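Step one of this worksheet: look at the structure below.
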Amino acid sequence: MPPVLVKAHQVLDKAVDGCYRPQPFINETKRIEFLFELYDKYTSGMFGEGKKKKVKDLK
């Protein structure tokens with residue numbers, strides 16, 4: 001990856017880190033785990049839950 005792009009990713013990672021917690025993540029894996037846990041928390045109940053539609057029997 002070109003150095004300028006690496007730097008841009010580092011700046012973006014720091015900005016994302018600052019949105020969620022005061023200390024930086026120790027590595028990329030921890031950042032991703034944290035963000036996916038938040039996604040799961042915020043979207044739980046949105047997909048596949050709720051009233052199920054009845055399908056009419058077309059026989």
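Chain labels follow the order of the structure tokens: the first chain is A, the next B, and so on; residue numbering restarts at 1 in every chain, and ligands are counted from 1 in their shown order.
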
As a PyMOL selection string, please: every residue in chain A that a backbone DSSP assignment puts in helix (DSSP H, G or I).
chain A and resi 3-20+28-43

Save the residues we just selected, N, CA and C atoms, as a CSV table (one decimal), in the first residue's frame?
chain,number,residue,atom,x,y,z
A,3,PRO,N,2.5,4.7,0.9
A,3,PRO,CA,2.6,5.3,2.2
A,3,PRO,C,1.6,6.4,2.5
A,4,VAL,N,1.2,7.1,1.5
A,4,VAL,CA,0.1,8.2,1.7
A,4,VAL,C,-1.2,7.5,2.1
A,5,LEU,N,-1.5,6.3,1.5
A,5,LEU,CA,-2.7,5.6,1.9
A,5,LEU,C,-2.6,5.0,3.2
A,6,VAL,N,-1.5,4.5,3.6
A,6,VAL,CA,-1.3,4.0,5.0
A,6,VAL,C,-1.5,5.1,6.0
A,7,LYS,N,-1.0,6.2,5.7
A,7,LYS,CA,-1.2,7.4,6.7
A,7,LYS,C,-2.7,7.8,6.7
A,8,ALA,N,-3.3,7.8,5.6
A,8,ALA,CA,-4.8,8.1,5.6
A,8,ALA,C,-5.6,7.1,6.4
A,9,HIS,N,-5.3,5.8,6.3
A,9,HIS,CA,-5.9,4.8,7.1
A,9,HIS,C,-5.7,5.0,8.6
A,10,GLN,N,-4.4,5.3,8.9
A,10,GLN,CA,-4.1,5.6,10.4
A,10,GLN,C,-4.9,6.8,10.9
A,11,VAL,N,-5.0,7.8,10.2
A,11,VAL,CA,-5.7,9.0,10.6
A,11,VAL,C,-7.2,8.6,10.8
A,12,LEU,N,-7.7,7.9,9.8
A,12,LEU,CA,-9.1,7.5,9.9
A,12,LEU,C,-9.4,6.5,11.1
A,13,ASP,N,-8.5,5.6,11.3
A,13,ASP,CA,-8.6,4.7,12.5
A,13,ASP,C,-8.6,5.5,13.8
A,14,LYS,N,-7.7,6.5,13.9
A,14,LYS,CA,-7.6,7.3,15.1
A,14,LYS,C,-8.9,8.1,15.3
A,15,ALA,N,-9.5,8.6,14.2
A,15,ALA,CA,-10.8,9.3,14.3
A,15,ALA,C,-11.9,8.4,14.8
A,16,VAL,N,-12.0,7.2,14.2
A,16,VAL,CA,-13.0,6.2,14.6
A,16,VAL,C,-12.8,5.8,16.1
A,17,ASP,N,-11.6,5.5,16.5
A,17,ASP,CA,-11.3,5.2,17.9
A,17,ASP,C,-11.8,6.3,18.8
A,18,GLY,N,-11.5,7.5,18.5
A,18,GLY,CA,-11.9,8.6,19.3
A,18,GLY,C,-13.5,8.8,19.4
A,19,CYS,N,-14.2,8.3,18.5
A,19,CYS,CA,-15.7,8.4,18.5
A,19,CYS,C,-16.2,7.4,19.5
A,20,TYR,N,-15.5,6.4,19.8
A,20,TYR,CA,-16.1,5.3,20.7
A,20,TYR,C,-15.5,5.2,22.0
A,28,GLU,N,-5.8,-3.9,15.0
A,28,GLU,CA,-7.0,-3.8,14.1
A,28,GLU,C,-8.0,-4.8,14.5
A,29,THR,N,-7.6,-6.0,14.9
A,29,THR,CA,-8.6,-7.1,15.3
A,29,THR,C,-9.5,-6.6,16.4
A,30,LYS,N,-8.9,-6.0,17.4
A,30,LYS,CA,-9.7,-5.5,18.6
A,30,LYS,C,-10.7,-4.4,18.1
A,31,ARG,N,-10.3,-3.5,17.2
A,31,ARG,CA,-11.1,-2.5,16.6
A,31,ARG,C,-12.3,-3.1,15.9
A,32,ILE,N,-12.0,-4.1,15.1
A,32,ILE,CA,-13.1,-4.8,14.3
A,32,ILE,C,-14.1,-5.5,15.2
A,33,GLU,N,-13.5,-6.2,16.2
A,33,GLU,CA,-14.4,-6.9,17.2
A,33,GLU,C,-15.3,-6.0,17.9
A,34,PHE,N,-14.8,-4.9,18.4
A,34,PHE,CA,-15.5,-3.8,19.1
A,34,PHE,C,-16.7,-3.3,18.2
A,35,LEU,N,-16.3,-2.9,16.9
A,35,LEU,CA,-17.3,-2.3,16.1
A,35,LEU,C,-18.4,-3.3,15.7
A,36,PHE,N,-18.0,-4.6,15.5
A,36,PHE,CA,-19.1,-5.6,15.1
A,36,PHE,C,-19.9,-5.9,16.4
A,37,GLU,N,-19.4,-5.9,17.6
A,37,GLU,CA,-20.2,-6.0,18.7
A,37,GLU,C,-21.2,-4.9,18.8
A,38,LEU,N,-20.8,-3.7,18.6
A,38,LEU,CA,-21.7,-2.5,18.6
A,38,LEU,C,-22.8,-2.7,17.5
A,39,TYR,N,-22.4,-3.1,16.3
A,39,TYR,CA,-23.3,-3.4,15.2
A,39,TYR,C,-24.4,-4.4,15.7
A,40,ASP,N,-23.9,-5.5,16.3
A,40,ASP,CA,-24.9,-6.5,16.8
A,40,ASP,C,-25.8,-5.9,17.8
A,41,LYS,N,-25.3,-5.1,18.7
A,41,LYS,CA,-26.1,-4.5,19.8
A,41,LYS,C,-27.2,-3.6,19.2
A,42,TYR,N,-26.7,-2.7,18.2
A,42,TYR,CA,-27.7,-1.7,17.7
A,42,TYR,C,-28.7,-2.3,16.7
A,43,THR,N,-28.3,-3.4,16.1
A,43,THR,CA,-29.3,-4.0,15.1
A,43,THR,C,-30.0,-5.2,15.6
